[in-house]
$ cat work.cif   # mmCIF, C-alpha atoms; chains and numbers go by the auth columns
data_upload
loop_
_atom_site.group_PDB
_atom_site.id
_atom_site.type_symbol
_atom_site.label_atom_id
_atom_site.label_comp_id
_atom_site.label_asym_id
_atom_site.label_seq_id
_atom_site.Cartn_x
_atom_site.Cartn_y
_atom_site.Cartn_z
_atom_site.B_iso_or_equiv
_atom_site.auth_seq_id
_atom_site.auth_asym_id
ATOM 1 C CA MET A 1 0.000 0.000 0.000 0.00 1 A
ATOM 2 C CA GLN A 2 1.434 3.333 -1.086 0.00 2 A
ATOM 3 C CA ASP A 3 1.845 6.013 1.572 0.00 3 A
ATOM 4 C CA ALA A 4 -0.098 9.258 1.259 0.00 4 A
ATOM 5 C CA PRO A 5 1.961 12.347 0.337 0.00 5 A
ATOM 6 C CA VAL A 6 3.260 14.278 3.337 0.00 6 A
ATOM 7 C CA VAL A 7 1.347 17.552 3.732 0.00 7 A
ATOM 8 C CA THR A 8 2.609 20.466 5.810 0.00 8 A
ATOM 9 C CA GLU A 9 -0.073 21.469 8.324 0.00 9 A
ATOM 10 C CA SER A 10 -0.405 23.830 11.268 0.00 10 A
ATOM 11 C CA ALA A 11 -1.195 22.157 14.585 0.00 11 A
ATOM 12 C CA SER A 12 -4.632 23.814 14.702 0.00 12 A
ATOM 13 C CA ALA A 13 -5.563 22.332 11.312 0.00 13 A
ATOM 14 C CA VAL A 14 -5.155 18.765 12.594 0.00 14 A
ATOM 15 C CA ALA A 15 -6.512 19.347 16.111 0.00 15 A
ATOM 16 C CA GLY A 16 -9.260 16.730 15.858 0.00 16 A
ATOM 17 C CA ARG A 17 -7.552 14.261 13.573 0.00 17 A
ATOM 18 C CA GLN A 18 -6.905 10.659 14.597 0.00 18 A
ATOM 19 C CA PHE A 19 -3.476 9.247 13.784 0.00 19 A
ATOM 20 C CA ARG A 20 -2.690 5.584 13.229 0.00 20 A
ATOM 21 C CA TYR A 21 0.493 5.269 15.260 0.00 21 A
ATOM 22 C CA TYR A 22 0.150 7.968 17.924 0.00 22 A
ATOM 23 C CA ASP A 23 -1.165 5.579 20.588 0.00 23 A
ATOM 24 C CA PHE A 24 1.702 3.146 19.970 0.00 24 A
ATOM 25 C CA VAL A 25 4.298 5.895 20.360 0.00 25 A
ATOM 26 C CA MET A 26 2.599 7.022 23.581 0.00 26 A
ATOM 27 C CA ALA A 27 2.653 3.469 24.935 0.00 27 A
ATOM 28 C CA ALA A 28 6.356 3.109 24.093 0.00 28 A
ATOM 29 C CA PHE A 29 7.159 6.388 25.857 0.00 29 A
ATOM 30 C CA VAL A 30 5.332 5.475 29.075 0.00 30 A
ATOM 31 C CA ALA A 31 6.694 1.904 29.078 0.00 31 A
ATOM 32 C CA ILE A 32 10.319 3.034 28.750 0.00 32 A
ATOM 33 C CA LEU A 33 9.786 5.731 31.375 0.00 33 A
ATOM 34 C CA LEU A 34 8.400 3.276 33.954 0.00 34 A
ATOM 35 C CA LEU A 35 10.820 0.432 33.237 0.00 35 A
ATOM 36 C CA SER A 36 13.901 2.645 33.344 0.00 36 A
ATOM 37 C CA ASN A 37 12.757 3.957 36.730 0.00 37 A
ATOM 38 C CA ILE A 38 11.704 0.570 38.169 0.00 38 A
ATOM 39 C CA ILE A 39 14.422 -1.714 36.830 0.00 39 A
ATOM 40 C CA GLY A 40 17.315 0.530 35.886 0.00 40 A
ATOM 41 C CA ALA A 41 17.278 3.009 38.750 0.00 41 A
ATOM 42 C CA ALA A 42 17.673 0.328 41.426 0.00 42 A
ATOM 43 C CA LYS A 43 21.098 -0.852 40.262 0.00 43 A
ATOM 44 C CA PRO A 44 24.347 1.109 40.235 0.00 44 A
ATOM 45 C CA ALA A 45 26.627 -0.216 37.516 0.00 45 A
ATOM 46 C CA ALA A 46 30.359 0.164 36.942 0.00 46 A
ATOM 47 C CA VAL A 47 32.545 -0.079 33.854 0.00 47 A
ATOM 48 C CA THR A 48 36.307 0.279 33.568 0.00 48 A
ATOM 49 C CA ILE A 49 37.675 2.411 30.733 0.00 49 A
ATOM 50 C CA SER A 50 41.430 2.846 30.334 0.00 50 A
ATOM 51 C CA GLY A 51 41.948 1.658 33.875 0.00 51 A
ATOM 52 C CA GLU A 52 39.499 4.153 35.358 0.00 52 A
ATOM 53 C CA GLN A 53 36.232 2.969 36.886 0.00 53 A
ATOM 54 C CA TRP A 54 33.017 4.809 36.029 0.00 54 A
ATOM 55 C CA ILE A 55 29.962 4.303 38.230 0.00 55 A
ATOM 56 C CA PHE A 56 26.481 5.193 36.985 0.00 56 A
ATOM 57 C CA GLY A 57 22.845 4.297 37.456 0.00 57 A
ATOM 58 C CA ALA A 58 21.924 1.487 35.051 0.00 58 A
ATOM 59 C CA GLY A 59 18.728 3.307 34.113 0.00 59 A
ATOM 60 C CA ILE A 60 20.711 5.959 32.250 0.00 60 A
ATOM 61 C CA LEU A 61 21.334 3.409 29.494 0.00 61 A
ATOM 62 C CA PHE A 62 17.631 3.344 28.620 0.00 62 A
ATOM 63 C CA PHE A 63 16.003 6.436 30.126 0.00 63 A
ATOM 64 C CA PRO A 64 17.298 8.712 27.305 0.00 64 A
ATOM 65 C CA LEU A 65 15.231 6.631 24.866 0.00 65 A
ATOM 66 C CA GLY A 66 12.257 8.419 26.413 0.00 66 A
ATOM 67 C CA TYR A 67 13.716 11.737 25.297 0.00 67 A
ATOM 68 C CA VAL A 68 14.209 10.371 21.787 0.00 68 A
ATOM 69 C CA ILE A 69 10.560 9.272 21.678 0.00 69 A
ATOM 70 C CA GLY A 70 9.580 12.656 23.131 0.00 70 A
ATOM 71 C CA ASP A 71 11.406 14.310 20.230 0.00 71 A
ATOM 72 C CA VAL A 72 9.602 12.028 17.784 0.00 72 A
ATOM 73 C CA LEU A 73 6.225 12.886 19.345 0.00 73 A
ATOM 74 C CA THR A 74 6.773 16.646 19.092 0.00 74 A
ATOM 75 C CA GLU A 75 8.303 16.495 15.623 0.00 75 A
ATOM 76 C CA VAL A 76 5.640 14.243 14.110 0.00 76 A
ATOM 77 C CA TYR A 77 2.476 14.997 16.120 0.00 77 A
ATOM 78 C CA GLY A 78 3.098 18.486 17.511 0.00 78 A
ATOM 79 C CA TYR A 79 3.483 19.968 20.978 0.00 79 A
ATOM 80 C CA ALA A 80 -0.148 19.530 22.069 0.00 80 A
ATOM 81 C CA ARG A 81 -0.129 15.770 21.566 0.00 81 A
ATOM 82 C CA ALA A 82 3.323 15.475 23.134 0.00 82 A
ATOM 83 C CA ARG A 83 1.931 17.403 26.113 0.00 83 A
ATOM 84 C CA ARG A 84 -0.772 14.776 26.624 0.00 84 A
ATOM 85 C CA VAL A 85 1.853 12.027 26.603 0.00 85 A
ATOM 86 C CA ILE A 86 4.009 13.874 29.148 0.00 86 A
ATOM 87 C CA TRP A 87 1.019 14.150 31.491 0.00 87 A
ATOM 88 C CA ALA A 88 0.269 10.447 30.953 0.00 88 A
ATOM 89 C CA GLY A 89 3.855 9.621 31.902 0.00 89 A
ATOM 90 C CA PHE A 90 3.678 11.930 34.919 0.00 90 A
ATOM 91 C CA ALA A 91 0.506 10.218 36.162 0.00 91 A
ATOM 92 C CA ALA A 92 2.054 6.785 35.575 0.00 92 A
ATOM 93 C CA LEU A 93 5.126 7.747 37.632 0.00 93 A
ATOM 94 C CA LEU A 94 2.925 8.952 40.496 0.00 94 A
ATOM 95 C CA PHE A 95 0.960 5.701 40.496 0.00 95 A
ATOM 96 C CA MET A 96 4.159 3.638 40.294 0.00 96 A
ATOM 97 C CA ALA A 97 5.570 5.450 43.341 0.00 97 A
ATOM 98 C CA PHE A 98 2.325 4.995 45.278 0.00 98 A
ATOM 99 C CA MET A 99 1.993 1.314 44.363 0.00 99 A
ATOM 100 C CA SER A 100 5.627 0.638 45.289 0.00 100 A
ATOM 101 C CA TRP A 101 5.105 2.259 48.677 0.00 101 A
ATOM 102 C CA VAL A 102 1.926 0.262 49.396 0.00 102 A
ATOM 103 C CA VAL A 103 3.357 -3.095 48.299 0.00 103 A
ATOM 104 C CA VAL A 104 6.608 -2.641 50.242 0.00 104 A
ATOM 105 C CA ALA A 105 4.712 -1.519 53.346 0.00 105 A
ATOM 106 C CA LEU A 106 2.417 -4.566 53.378 0.00 106 A
ATOM 107 C CA PRO A 107 3.506 -7.106 56.041 0.00 107 A
ATOM 108 C CA PRO A 108 5.023 -10.198 54.414 0.00 108 A
ATOM 109 C CA ALA A 109 3.394 -13.601 54.693 0.00 109 A
ATOM 110 C CA PRO A 110 4.838 -15.929 57.365 0.00 110 A
ATOM 111 C CA GLY A 111 7.767 -17.875 55.996 0.00 111 A
ATOM 112 C CA TRP A 112 8.511 -15.518 53.116 0.00 112 A
ATOM 113 C CA GLU A 113 12.127 -14.406 53.382 0.00 113 A
ATOM 114 C CA GLY A 114 12.285 -11.998 50.467 0.00 114 A
ATOM 115 C CA GLN A 115 11.095 -8.833 52.226 0.00 115 A
ATOM 116 C CA ALA A 116 14.568 -7.348 52.730 0.00 116 A
ATOM 117 C CA ALA A 117 15.553 -7.959 49.110 0.00 117 A
ATOM 118 C CA TYR A 118 12.186 -6.609 47.930 0.00 118 A
ATOM 119 C CA GLU A 119 12.655 -3.444 49.959 0.00 119 A
ATOM 120 C CA SER A 120 16.177 -2.949 48.636 0.00 120 A
ATOM 121 C CA VAL A 121 14.855 -2.974 45.062 0.00 121 A
ATOM 122 C CA PHE A 122 11.429 -1.357 45.316 0.00 122 A
ATOM 123 C CA GLY A 123 11.747 0.648 48.522 0.00 123 A
ATOM 124 C CA GLN A 124 12.057 4.329 47.642 0.00 124 A
ATOM 125 C CA VAL A 125 13.358 7.411 49.397 0.00 125 A
ATOM 126 C CA TRP A 126 10.588 9.961 48.961 0.00 126 A
ATOM 127 C CA ARG A 127 12.998 12.848 48.512 0.00 127 A
ATOM 128 C CA ILE A 128 14.462 11.084 45.470 0.00 128 A
ATOM 129 C CA VAL A 129 11.009 10.147 44.155 0.00 129 A
ATOM 130 C CA ILE A 130 9.798 13.759 44.345 0.00 130 A
ATOM 131 C CA ALA A 131 13.006 15.033 42.763 0.00 131 A
ATOM 132 C CA SER A 132 12.741 12.480 39.940 0.00 132 A
ATOM 133 C CA ILE A 133 9.105 13.180 39.095 0.00 133 A
ATOM 134 C CA THR A 134 9.556 16.958 39.286 0.00 134 A
ATOM 135 C CA ALA A 135 12.672 16.851 37.104 0.00 135 A
ATOM 136 C CA PHE A 136 10.951 14.615 34.546 0.00 136 A
ATOM 137 C CA TRP A 137 7.942 16.932 34.283 0.00 137 A
ATOM 138 C CA ALA A 138 9.983 20.100 33.855 0.00 138 A
ATOM 139 C CA GLY A 139 12.623 18.587 31.605 0.00 139 A
ATOM 140 C CA GLU A 140 10.152 16.954 29.229 0.00 140 A
ATOM 141 C CA PHE A 141 8.086 20.103 28.788 0.00 141 A
ATOM 142 C CA VAL A 142 11.183 22.221 28.149 0.00 142 A
ATOM 143 C CA ASN A 143 12.448 19.607 25.687 0.00 143 A
ATOM 144 C CA SER A 144 9.152 19.575 23.769 0.00 144 A
ATOM 145 C CA TYR A 145 8.821 23.379 23.796 0.00 145 A
ATOM 146 C CA VAL A 146 12.354 23.925 22.460 0.00 146 A
ATOM 147 C CA MET A 147 11.817 21.226 19.836 0.00 147 A
ATOM 148 C CA ALA A 148 8.576 22.801 18.583 0.00 148 A
ATOM 149 C CA ARG A 149 9.965 26.340 18.552 0.00 149 A
ATOM 150 C CA MET A 150 13.151 25.316 16.753 0.00 150 A
ATOM 151 C CA LYS A 151 11.106 23.538 14.085 0.00 151 A
ATOM 152 C CA ILE A 152 9.459 26.854 13.224 0.00 152 A
ATOM 153 C CA TRP A 153 12.758 28.762 13.374 0.00 153 A
ATOM 154 C CA THR A 154 14.495 26.260 11.073 0.00 154 A
ATOM 155 C CA GLY A 155 11.539 25.867 8.723 0.00 155 A
ATOM 156 C CA GLY A 156 11.468 22.151 9.398 0.00 156 A
ATOM 157 C CA LYS A 157 15.068 21.676 8.246 0.00 157 A
ATOM 158 C CA HIS A 158 18.078 20.317 10.145 0.00 158 A
ATOM 159 C CA LEU A 159 16.230 17.851 12.372 0.00 159 A
ATOM 160 C CA TRP A 160 19.518 16.975 14.093 0.00 160 A
ATOM 161 C CA SER A 161 19.849 20.521 15.430 0.00 161 A
ATOM 162 C CA ARG A 162 16.397 20.309 17.007 0.00 162 A
ATOM 163 C CA THR A 163 16.786 16.880 18.576 0.00 163 A
ATOM 164 C CA ILE A 164 20.223 17.623 20.026 0.00 164 A
ATOM 165 C CA GLY A 165 19.463 21.241 20.934 0.00 165 A
ATOM 166 C CA SER A 166 16.241 20.391 22.731 0.00 166 A
ATOM 167 C CA THR A 167 17.964 17.568 24.618 0.00 167 A
ATOM 168 C CA VAL A 168 20.816 19.835 25.714 0.00 168 A
ATOM 169 C CA VAL A 169 18.300 22.242 27.244 0.00 169 A
ATOM 170 C CA GLY A 170 15.692 19.701 28.440 0.00 170 A
ATOM 171 C CA GLN A 171 18.185 17.332 30.026 0.00 171 A
ATOM 172 C CA GLY A 172 19.983 20.318 31.489 0.00 172 A
ATOM 173 C CA VAL A 173 16.802 21.391 33.273 0.00 173 A
ATOM 174 C CA ASP A 174 16.163 17.780 34.347 0.00 174 A
ATOM 175 C CA SER A 175 19.646 17.405 35.841 0.00 175 A
ATOM 176 C CA ILE A 176 19.725 20.838 37.508 0.00 176 A
ATOM 177 C CA ILE A 177 16.461 20.010 39.299 0.00 177 A
ATOM 178 C CA PHE A 178 17.015 16.339 40.135 0.00 178 A
ATOM 179 C CA TYR A 179 20.508 16.121 41.587 0.00 179 A
ATOM 180 C CA PRO A 180 20.371 19.086 43.999 0.00 180 A
ATOM 181 C CA LEU A 181 16.840 18.151 45.148 0.00 181 A
ATOM 182 C CA ALA A 182 17.737 14.497 45.627 0.00 182 A
ATOM 183 C CA PHE A 183 21.268 14.634 46.999 0.00 183 A
ATOM 184 C CA TRP A 184 22.181 18.121 48.249 0.00 184 A
ATOM 185 C CA GLY A 185 23.299 17.761 51.852 0.00 185 A
ATOM 186 C CA LEU A 186 23.745 13.989 51.442 0.00 186 A
ATOM 187 C CA TRP A 187 26.640 14.232 49.004 0.00 187 A
ATOM 188 C CA SER A 188 29.370 16.838 48.937 0.00 188 A
ATOM 189 C CA GLN A 189 28.779 19.859 46.726 0.00 189 A
ATOM 190 C CA GLU A 190 31.577 18.755 44.403 0.00 190 A
ATOM 191 C CA GLN A 191 30.086 15.255 44.057 0.00 191 A
ATOM 192 C CA VAL A 192 26.601 16.573 43.249 0.00 192 A
ATOM 193 C CA ILE A 193 27.967 18.877 40.561 0.00 193 A
ATOM 194 C CA SER A 194 30.307 16.231 39.130 0.00 194 A
ATOM 195 C CA VAL A 195 27.614 13.544 38.868 0.00 195 A
ATOM 196 C CA MET A 196 25.094 16.068 37.496 0.00 196 A
ATOM 197 C CA ILE A 197 27.424 17.168 34.694 0.00 197 A
ATOM 198 C CA THR A 198 28.588 13.617 33.901 0.00 198 A
ATOM 199 C CA ASN A 199 25.046 12.273 33.603 0.00 199 A
ATOM 200 C CA TRP A 200 23.938 15.278 31.539 0.00 200 A
ATOM 201 C CA LEU A 201 26.807 14.675 29.115 0.00 201 A
ATOM 202 C CA LEU A 202 25.961 10.959 28.918 0.00 202 A
ATOM 203 C CA LYS A 203 22.314 11.718 28.121 0.00 203 A
ATOM 204 C CA VAL A 204 23.205 14.264 25.445 0.00 204 A
ATOM 205 C CA GLY A 205 25.744 11.813 24.053 0.00 205 A
ATOM 206 C CA TRP A 206 23.036 9.175 23.779 0.00 206 A
ATOM 207 C CA GLU A 207 20.886 11.630 21.826 0.00 207 A
ATOM 208 C CA VAL A 208 23.739 12.267 19.400 0.00 208 A
ATOM 209 C CA VAL A 209 24.358 8.528 18.928 0.00 209 A
ATOM 210 C CA LEU A 210 20.655 7.848 18.352 0.00 210 A
ATOM 211 C CA THR A 211 20.142 10.745 15.912 0.00 211 A
ATOM 212 C CA PRO A 212 20.249 8.462 12.823 0.00 212 A
ATOM 213 C CA VAL A 213 17.569 6.268 14.418 0.00 213 A
ATOM 214 C CA THR A 214 15.469 9.351 15.119 0.00 214 A
ATOM 215 C CA TYR A 215 15.705 10.374 11.449 0.00 215 A
ATOM 216 C CA VAL A 216 14.499 6.947 10.322 0.00 216 A
ATOM 217 C CA VAL A 217 11.583 6.812 12.785 0.00 217 A
ATOM 218 C CA VAL A 218 10.480 10.395 12.134 0.00 218 A
ATOM 219 C CA GLY A 219 10.613 9.940 8.367 0.00 219 A
ATOM 220 C CA TRP A 220 8.673 6.670 8.513 0.00 220 A
ATOM 221 C CA LEU A 221 5.947 8.085 10.779 0.00 221 A
ATOM 222 C CA LYS A 222 5.518 11.238 8.705 0.00 222 A
ATOM 223 C CA ARG A 223 5.068 9.139 5.577 0.00 223 A
ATOM 224 C CA LYS A 224 2.573 6.844 7.286 0.00 224 A
ATOM 225 C CA GLU A 225 0.586 9.676 8.900 0.00 225 A
ATOM 226 C CA GLY A 226 0.813 11.897 5.808 0.00 226 A
ATOM 227 C CA VAL A 227 1.490 15.149 7.685 0.00 227 A
ATOM 228 C CA ASP A 228 4.316 17.370 8.859 0.00 228 A
ATOM 229 C CA ILE A 229 2.965 19.483 11.742 0.00 229 A
ATOM 230 C CA PHE A 230 4.221 22.961 12.669 0.00 230 A
ATOM 231 C CA ASP A 231 3.198 24.493 16.005 0.00 231 A
ATOM 232 C CA GLU A 232 2.173 27.891 14.691 0.00 232 A
ATOM 233 C CA GLY A 233 -0.389 29.524 16.972 0.00 233 A
ATOM 234 C CA THR A 234 -0.087 26.715 19.533 0.00 234 A
ATOM 235 C CA ASN A 235 -0.821 27.446 23.185 0.00 235 A
ATOM 236 C CA PHE A 236 2.376 26.221 24.862 0.00 236 A
ATOM 237 C CA SER A 237 1.027 26.220 28.397 0.00 237 A
ATOM 238 C CA PRO A 238 1.896 22.877 30.014 0.00 238 A
ATOM 239 C CA PHE A 239 -1.346 23.014 32.019 0.00 239 A
ATOM 240 C CA LYS A 240 -3.635 22.039 29.157 0.00 240 A
ATOM 241 C CA THR A 241 -4.530 18.592 27.890 0.00 241 A
ATOM 242 C CA LYS A 242 -6.734 19.573 24.979 0.00 242 A
ATOM 243 C CA VAL A 243 -5.213 18.925 21.547 0.00 243 A
#
$ encode --input "work.cif" --output "structure tokens"
Amino acid sequence: MQDAPVVTESASAVAGRQFRYYDFVMAAFVAILLLSNIIGAAKPAAVTISGEQWIFGAGILFFPLGYVIGDVLTEVYGYARARRVIWAGFAALLFMAFMSWVVVALPPAPGWEGQAAYESVFGQVWRIVIASITAFWAGEFVNSYVMARMKIWTGGKHLWSRTIGSTVVGQGVDSIIFYPLAFWGLWSQEQVISVMITNWLLKVGWEVVLTPVTYVVVGWLKRKEGVDIFDEGTNFSPFKTKV
């Protein structure tokens, strides 16, 4: 089946349109967000490069995929639809934190010896949870806003500049909020700043590495959906869910 020609549209012109793959992209975004926080965040990993050991949270290997999908959402479907996905992810993170707290707090059945191990994996420090959710919310909205604005400024050209530029700013906001909120006073000032910068560079580096993949996915989705959306006249308030 031949794809429909790609038509340039303003976001307002496609406000009520249904898209074939939007729901799948949303599901992928929320799934990666939850899994990278549940599975990856619980394990510190270490690799040795040139005789020097680097320690990092395992989740950083996969969490940046959420930013890539966030870029795809804004580029293909526009800021308003990306905004709905960010709120869906935010709500999912809140429920995950609440469910983890309830399940860990439940008294274990007699004879079950896994409570300590369960708590070590799923038990959460609420300061870190609040810092993580707040940083995600702010960073994702900044990322999507910069992406949408840069698309207008560049006339839809140079996708790489938008994906990398928006990640530099969005992940910067994420890191500046998360690490001080989560660890200031627990770690030394130098350690907080060092880890914050290192993780920001790793996340931006991931975006650069995955840029060819982003091009392929964006091009495929635009051909399948038949539109290229520009956020001209869009209300960029994060506190709206209407498309």
$ closest_residue --input "work.cif" --among "A:Ser161, A:Gln53, A:Ser132, A:Thr8" --to "Glu207 (chain A)" --atoms "all atoms listed in the file"
A:Ser161
$ residues_around --input "work.cif" --residues "Phe136 (chain A)" --least-positions-apart "2" --cutoff "10 Å" --atoms "all atoms listed in the file" --output "list in words"
Leu33, Ile86, Gly89, Phe90, Leu93, Ile130, Ala131, Ser132, Ile133, Thr134, Ala138, Gly139, Glu140, Phe141, Val142, Gly170, Gln171, Val173, Asp174, Ser175, Ile177 and Phe178 of chain A
$ residues_around --input "work.cif" --residues "Ser166 (chain A)" --least-positions-apart "6" --cutoff "9 Å" --atoms "only C-alpha atoms" --output "short mmCIF file (atom, residue, chain, number, x, y, z; two decimals) with C-alpha atoms, in the frame of the given file"
data_model
loop_
_atom_site.label_atom_id
_atom_site.label_comp_id
_atom_site.auth_asym_id
_atom_site.auth_seq_id
_atom_site.Cartn_x
_atom_site.Cartn_y
_atom_site.Cartn_z
CA ASP A 71 11.41 14.31 20.23
CA VAL A 142 11.18 22.22 28.15
CA ASN A 143 12.45 19.61 25.69
CA SER A 144 9.15 19.58 23.77
CA TYR A 145 8.82 23.38 23.80
CA VAL A 146 12.35 23.92 22.46
CA MET A 147 11.82 21.23 19.84
CA MET A 150 13.15 25.32 16.75
#
$ residues_around --input "work.cif" --residues "Gly155 (chain A)" --least-positions-apart "3" --cutoff "12 Å" --atoms "all atoms listed in the file" --output "PyMOL selection string"
chain A and resi 8+148-152+158-159+161-162+228-232
$ atom_distance --input "work.cif" --atom1 "CA of Trp112 (chain A)" --atom2 "CA of Ile128 (chain A)"
28.3 Å
$ residues_near_point --input "work.cif" --point "(25.3, 24.0, 42.2)" --cutoff "10 Å" --atoms "all atoms listed in the file" --output "PyMOL selection string"
chain A and resi 176+179-180+184+189-190+192-194+196
$ axis_aligned_box --input "work.cif" --around "region 90-109 of chain A" --padding-each-side "8 Å" --output "AutoDock Vina command-line options"
--center_x 3.6 --center_y -0.8 --center_z 45.5 --size_x 22.1 --size_y 41.5 --size_z 37.1
$ resolve_selection --input "work.cif" --expression "the PyMOL selection byres ((chain A and resi 29) around 9)" --output "list in words"
Phe24, Val25, Met26, Ala27, Ala28, Val30, Ala31, Ile32, Leu33, Leu34, Leu65, Gly66, Tyr67, Ile69, Gly70, Val85, Ile86 and Gly89 of chain A
$ write_last_selection --input "work.cif" --atoms "C-alpha atoms" --output "CSV table (one decimal), in the coordinates of the input"
chain,number,residue,atom,x,y,z
A,24,PHE,CA,1.7,3.1,20.0
A,25,VAL,CA,4.3,5.9,20.4
A,26,MET,CA,2.6,7.0,23.6
A,27,ALA,CA,2.7,3.5,24.9
A,28,ALA,CA,6.4,3.1,24.1
A,30,VAL,CA,5.3,5.5,29.1
A,31,ALA,CA,6.7,1.9,29.1
A,32,ILE,CA,10.3,3.0,28.8
A,33,LEU,CA,9.8,5.7,31.4
A,34,LEU,CA,8.4,3.3,34.0
A,65,LEU,CA,15.2,6.6,24.9
A,66,GLY,CA,12.3,8.4,26.4
A,67,TYR,CA,13.7,11.7,25.3
A,69,ILE,CA,10.6,9.3,21.7
A,70,GLY,CA,9.6,12.7,23.1
A,85,VAL,CA,1.9,12.0,26.6
A,86,ILE,CA,4.0,13.9,29.1
A,89,GLY,CA,3.9,9.6,31.9
$ atom_distance --input "work.cif" --atom1 "CA of Pro212 (chain A)" --atom2 "CA of Phe63 (chain A)"
17.9 Å
$ residues_around --input "work.cif" --residues "Pro107 (chain A)" --least-positions-apart "6" --cutoff "12 Å" --atoms "all atoms listed in the file" --output "list of chain:residue names"
A:Glu113, A:Gly114, A:Gln115, A:Ala116, A:Tyr118, A:Glu119
$ atom_distance --input "work.cif" --atom1 "CA of Tyr79 (chain A)" --atom2 "CA of Phe239 (chain A)"
12.4 Å
$ residues_near_point --input "work.cif" --point "(22.2, 8.0, 28.2)" --cutoff "9 Å" --atoms "only C-alpha atoms" --output "ChimeraX atom specification"
/A:59-65,199-207
$ closest_residue --input "work.cif" --among "A:Phe122, A:Phe19, A:Tyr215, A:Trp187" --to "Trp160 (chain A)" --atoms "all atoms listed in the file"
A:Tyr215
$ closest_residue --input "work.cif" --among "A:Lys240, A:Tyr77, A:Gly233, A:Val102" --to "Ser12 (chain A)" --atoms "only C-alpha atoms"
A:Gly233
$ residues_around --input "work.cif" --residues "Ser100 (chain A)" --least-positions-apart "2" --cutoff "8 Å" --atoms "all atoms listed in the file" --output "PDB file with C-alpha atoms, in the frame of the given file"
ATOM      1  CA  MET A  96       4.159   3.638  40.294  1.00  0.00           C
ATOM      2  CA  ALA A  97       5.570   5.450  43.341  1.00  0.00           C
ATOM      3  CA  PHE A  98       2.325   4.995  45.278  1.00  0.00           C
ATOM      4  CA  VAL A 102       1.926   0.262  49.396  1.00  0.00           C
ATOM      5  CA  VAL A 103       3.357  -3.095  48.299  1.00  0.00           C
ATOM      6  CA  VAL A 104       6.608  -2.641  50.242  1.00  0.00           C
ATOM      7  CA  PHE A 122      11.429  -1.357  45.316  1.00  0.00           C
ATOM      8  CA  GLY A 123      11.747   0.648  48.522  1.00  0.00           C
ATOM      9  CA  GLN A 124      12.057   4.329  47.642  1.00  0.00           C
TER      10      GLN A 124
END
$ closest_residue --input "work.cif" --among "A:Val209, A:Val227, A:Val129, A:Val195" --to "Gly78 (chain A)" --atoms "all atoms listed in the file"
A:Val227
$ closest_residue --input "work.cif" --among "A:Glu75, A:Val169, A:Ala182, A:Gly16" --to "Lys222 (chain A)" --atoms "all atoms listed in the file"
A:Glu75
$ build_atoms --input "work.cif" --residues "region 211-223 of chain A" --atoms "N, CA and C atoms" --output "CSV table (one decimal), keeping the file's coordinate frame"
chain,number,residue,atom,x,y,z
A,211,THR,N,20.7,9.8,16.9
A,211,THR,CA,20.1,10.7,15.9
A,211,THR,C,19.8,10.0,14.6
A,212,PRO,N,20.6,9.2,14.1
A,212,PRO,CA,20.2,8.5,12.8
A,212,PRO,C,19.0,7.6,13.0
A,213,VAL,N,18.8,7.0,14.2
A,213,VAL,CA,17.6,6.3,14.4
A,213,VAL,C,16.4,7.2,14.4
A,214,THR,N,16.5,8.4,15.1
A,214,THR,CA,15.5,9.4,15.1
A,214,THR,C,15.0,9.8,13.7
A,215,TYR,N,16.0,10.0,12.8
A,215,TYR,CA,15.7,10.4,11.4
A,215,TYR,C,14.9,9.3,10.8
A,216,VAL,N,15.2,8.0,11.0
A,216,VAL,CA,14.5,6.9,10.3
A,216,VAL,C,13.1,6.9,10.9
A,217,VAL,N,12.9,6.9,12.2
A,217,VAL,CA,11.6,6.8,12.8
A,217,VAL,C,10.7,8.0,12.4
A,218,VAL,N,11.2,9.2,12.5
A,218,VAL,CA,10.5,10.4,12.1
A,218,VAL,C,10.0,10.4,10.7
A,219,GLY,N,11.0,10.0,9.8
A,219,GLY,CA,10.6,9.9,8.4
A,219,GLY,C,9.5,8.9,8.1
A,220,TRP,N,9.7,7.7,8.7
A,220,TRP,CA,8.7,6.7,8.5
A,220,TRP,C,7.3,7.1,9.0
A,221,LEU,N,7.2,7.7,10.2
A,221,LEU,CA,5.9,8.1,10.8
A,221,LEU,C,5.3,9.2,10.0
A,222,LYS,N,6.1,10.2,9.5
A,222,LYS,CA,5.5,11.2,8.7
A,222,LYS,C,4.9,10.7,7.4
A,223,ARG,N,5.6,9.7,6.8
A,223,ARG,CA,5.1,9.1,5.6
A,223,ARG,C,3.8,8.4,5.9
